[in-house]
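Structure, as structure tokens:
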Amino acid sequence: RALAAFVSLISMTIGAIAEYNADHPSFPLSKSSIEKLMKRQVLLATVWALGGSLELSQREQFAQYLCRITSIPLPPSGETRILDFEVNLEDGEWASLDRKVPNIELEVHKIASSDVLVPTLDTVRHEQLLQSWLRSRRLAILCGPPGSGKTMTIAYTLRSLPDVELVSLNFSSSSSPDLLLKTFDHYCSYVKTMEGAILQPQLSGKWLVIFCDEINLPDTDKYGTQHVISFLRQIVELGGFWRPKDLTWVKLERIQVVGACNPPTDVGRHALSSRFLRHASLLYVDFPGRESLLQIYGTLSRSLLKLSPSVRSLADSVAAAMIDIYDKCRRELRRDVQAHYIF
């Protein structure tokens with residue numbers, strides 16, 4: 001799983017180099033520039049491929065360990081910030097991801113909208129990683145606590161891809177393969193060919209991405225099997241399925257699966273089969289850090305205080321005070337004090 005994720009990230013870089021050289025035939029990247037670029041990208045890809053499924057604090061520790069043992073030049077700020085950097089294509093140097101975080105202004109009436117996403121360093125980081133996995137047509141699963149932004153990140157990333165049609169499915173404890181079969185019937189069409197039946201999206205030239213939210217909610221049977229997960233595994237592993245009504249093998253074309261879930265330790269969740277997970281690239285989406293929270297609540301506060309111009313200059317101070325109170329509550333209202341203190 002980690003090796004496949006690593007190959008996806010490296011392949012994306014190789015594709016970017018080939019595209020750059022094709023667009024700039026008069027001054028393509030030199031051999032030394034490519035070597036410099038790839039060395040840094042290998043270090044970054046190793047961090048995300050092996051540490052993507054770790055919690056943020058553990059991922060940072062893993063990144064620091066790799067930085068201590070490598071001979072590859074590190075970013076100017078040293079080993080503690082490598083997760084906040086990418087490699088610039090043109091010169092192979094480290095470039096901070098901060099430059100890709102836009103400052104947006106929201107209209108007051110849009111603040112309560114469920115599809116509003118305030119870009120932060122975390123969302124930019126996760127979006128780039130997710131795009132590399134989606135473009136390599138791999139199964140990708142985002143795991144993390146409730147409210148960490150998994151669903152919003154996937155939806156925002158998929159909407160930014162022009163050749164994708166997104167279909168969202170909310171799994172429950174009773175979800176079965178019928179849910180996926182009905183989705184196929186609604187959004188896809190069966191085509192008979194000399195090689196057999198083929199299932200492909202109705203929209204020509206587009207990929208159908210099925211987003212399975214709460215993918216680890218379906219109940220297990222007495223043998224510990226989640227039927228819908230076994231069906232997904234067959235689709236991902238073999239590229240098709242046996243159609244129940246006539247036992248015909250159906251091959252899938254331009255159909256991809258992504259998922260999101262809470263950790264299996266949460267109530268009502270089940271650990272996904274390792275046979276299924278070996279085909280997936282995993283990313284653990286933790287709660288936003290302080291810098292990201294300041295970006296989010298600073299944007300919201302500035303938008304709300306548009307209605308009161310006399311105090312609008314206090315927006316950033318209000319956001320910082322809100323986060324200070326939240327951090328204090330998290331420190332003092334711990335689960336070892338009361339079991340229901342969950343943040």
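Note on naming: chains are A, B, ... as they come in the structure tokens, residues start from 1 per chain, ligands start from 1 in the order shown.
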
*Contacts of stretch 115-131 of chain A at 8 Å (only C-alpha atoms; same-chain gap of 4+ positions) as a PyMOL selection string*: chain A and resi 9+84+97-98+100-104+110-111+135+140+152-154+156-157+288+292+295-296+299

Quick one: which stretch 71-172 of chain A residues come within 12 Å of stretch 220-233 of chain A, and what is the nearest atom pair for each with the distance in Å to one decimal, counting only C-alpha atoms, rows ordered by chain and ascending number, as a tab-separated table?
```
residue	atom	partner	partner_atom	distance
A:Leu139	CA	A:Arg233	CA	9.9
A:Phe171	CA	A:Val228	CA	9.5
A:Ser172	CA	A:Val228	CA	10.7
```

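Near A:Leu166, within 12 Å and counting only C-alpha atoms, sit Ile154, Ala155, Tyr156, Thr157, Leu158, Arg159, Ser160, Leu161, Pro162, Asp163, Leu169, Thr183, Tyr187, Pro201, Leu203, Lys206, Trp207, Leu208, Val209, Ile210, Phe211, Cys212, Ile255, Gln256, Val257 and Val258 of chain A; same-chain residues fewer than 3 positions away were not included.
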
*Which residues come within 10 Å of A:Tyr20, counting only C-alpha atoms, excluding same-chain residues fewer than 5 positions away, as a list in words?*
Ile14, Gly15, Pro25, Phe27, Pro28, Leu29, Leu89 and Glu90 of chain A

*asked:* Which residues are close to A:Pro244, i.e. within 12 Å by only C-alpha atoms, leaving aside same-chain residues fewer than 6 positions away? Reply as a ChimeraX atom specification.
replied: /A:177-178,181,231,250

Just N, CA, C and O atoms for this one: save the residues we selected as a PDB file, in the first residue's frame.
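Listed below is the output, result37.pdb:
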```pdb
ATOM      1  N   PRO A 177     -24.297  -4.288  -1.056  1.00  0.00           N
ATOM      2  CA  PRO A 177     -23.887  -4.080  -2.451  1.00  0.00           C
ATOM      3  C   PRO A 177     -24.992  -3.522  -3.337  1.00  0.00           C
ATOM      4  O   PRO A 177     -24.702  -2.919  -4.371  1.00  0.00           O
ATOM      5  N   ASP A 178     -26.260  -3.703  -2.934  1.00  0.00           N
ATOM      6  CA  ASP A 178     -27.364  -3.176  -3.741  1.00  0.00           C
ATOM      7  C   ASP A 178     -27.267  -1.660  -3.908  1.00  0.00           C
ATOM      8  O   ASP A 178     -27.677  -1.109  -4.932  1.00  0.00           O
ATOM      9  N   LEU A 181     -24.957  -1.138  -6.782  1.00  0.00           N
ATOM     10  CA  LEU A 181     -25.544  -1.599  -8.037  1.00  0.00           C
ATOM     11  C   LEU A 181     -26.602  -0.623  -8.538  1.00  0.00           C
ATOM     12  O   LEU A 181     -26.689  -0.347  -9.743  1.00  0.00           O
ATOM     13  N   PHE A 231     -17.564  -6.347  -1.775  1.00  0.00           N
ATOM     14  CA  PHE A 231     -17.934  -6.012  -3.153  1.00  0.00           C
ATOM     15  C   PHE A 231     -17.026  -4.918  -3.704  1.00  0.00           C
ATOM     16  O   PHE A 231     -16.557  -4.987  -4.853  1.00  0.00           O
ATOM     17  N   VAL A 250     -18.949  -8.275 -15.494  1.00  0.00           N
ATOM     18  CA  VAL A 250     -19.029  -6.913 -16.000  1.00  0.00           C
ATOM     19  C   VAL A 250     -17.723  -6.191 -15.683  1.00  0.00           C
ATOM     20  O   VAL A 250     -17.327  -6.098 -14.519  1.00  0.00           O
TER      21      VAL A 250
END
```

Against stretch 259-263 of chain A, which residues of stretch 75-192 of chain A fall within 7 Å? For each one I want the closest pair of atoms and the distance in Å (one decimal), counting only C-alpha atoms, rows by chain and increasing residue number, as CSV.
```
residue,atom,partner,partner_atom,distance
A:Ala140,CA,A:Gly259,CA,6.4
A:Ile141,CA,A:Gly259,CA,4.6
A:Leu142,CA,A:Ala260,CA,4.6
A:Cys143,CA,A:Cys261,CA,5.0
A:Gly144,CA,A:Asn262,CA,5.1
A:Pro145,CA,A:Asn262,CA,5.3
A:Pro146,CA,A:Asn262,CA,6.5
A:Lys150,CA,A:Ala260,CA,6.4
A:Thr151,CA,A:Ala260,CA,6.7
```

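Residue nearest A:Asp91, chosen from A:Arg138, A:Lys192, A:His109, A:Lys31 and counting only C-alpha atoms: A:Lys31.
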
_Let me make sure I understand: among A:Gly196, A:Gly92, A:Gly289, A:Gly268, which one has the smallest atom-to-atom distance to A:Ile215 if we use only C-alpha atoms?_
A:Gly268

*Check the DSSP output for the backbone and give back, as an NGL selection string, the residues of stretch 241-340 of chain A in strand (DSSP E).*
:A and (241-243 or 248-252 or 255-261 or 280-284)
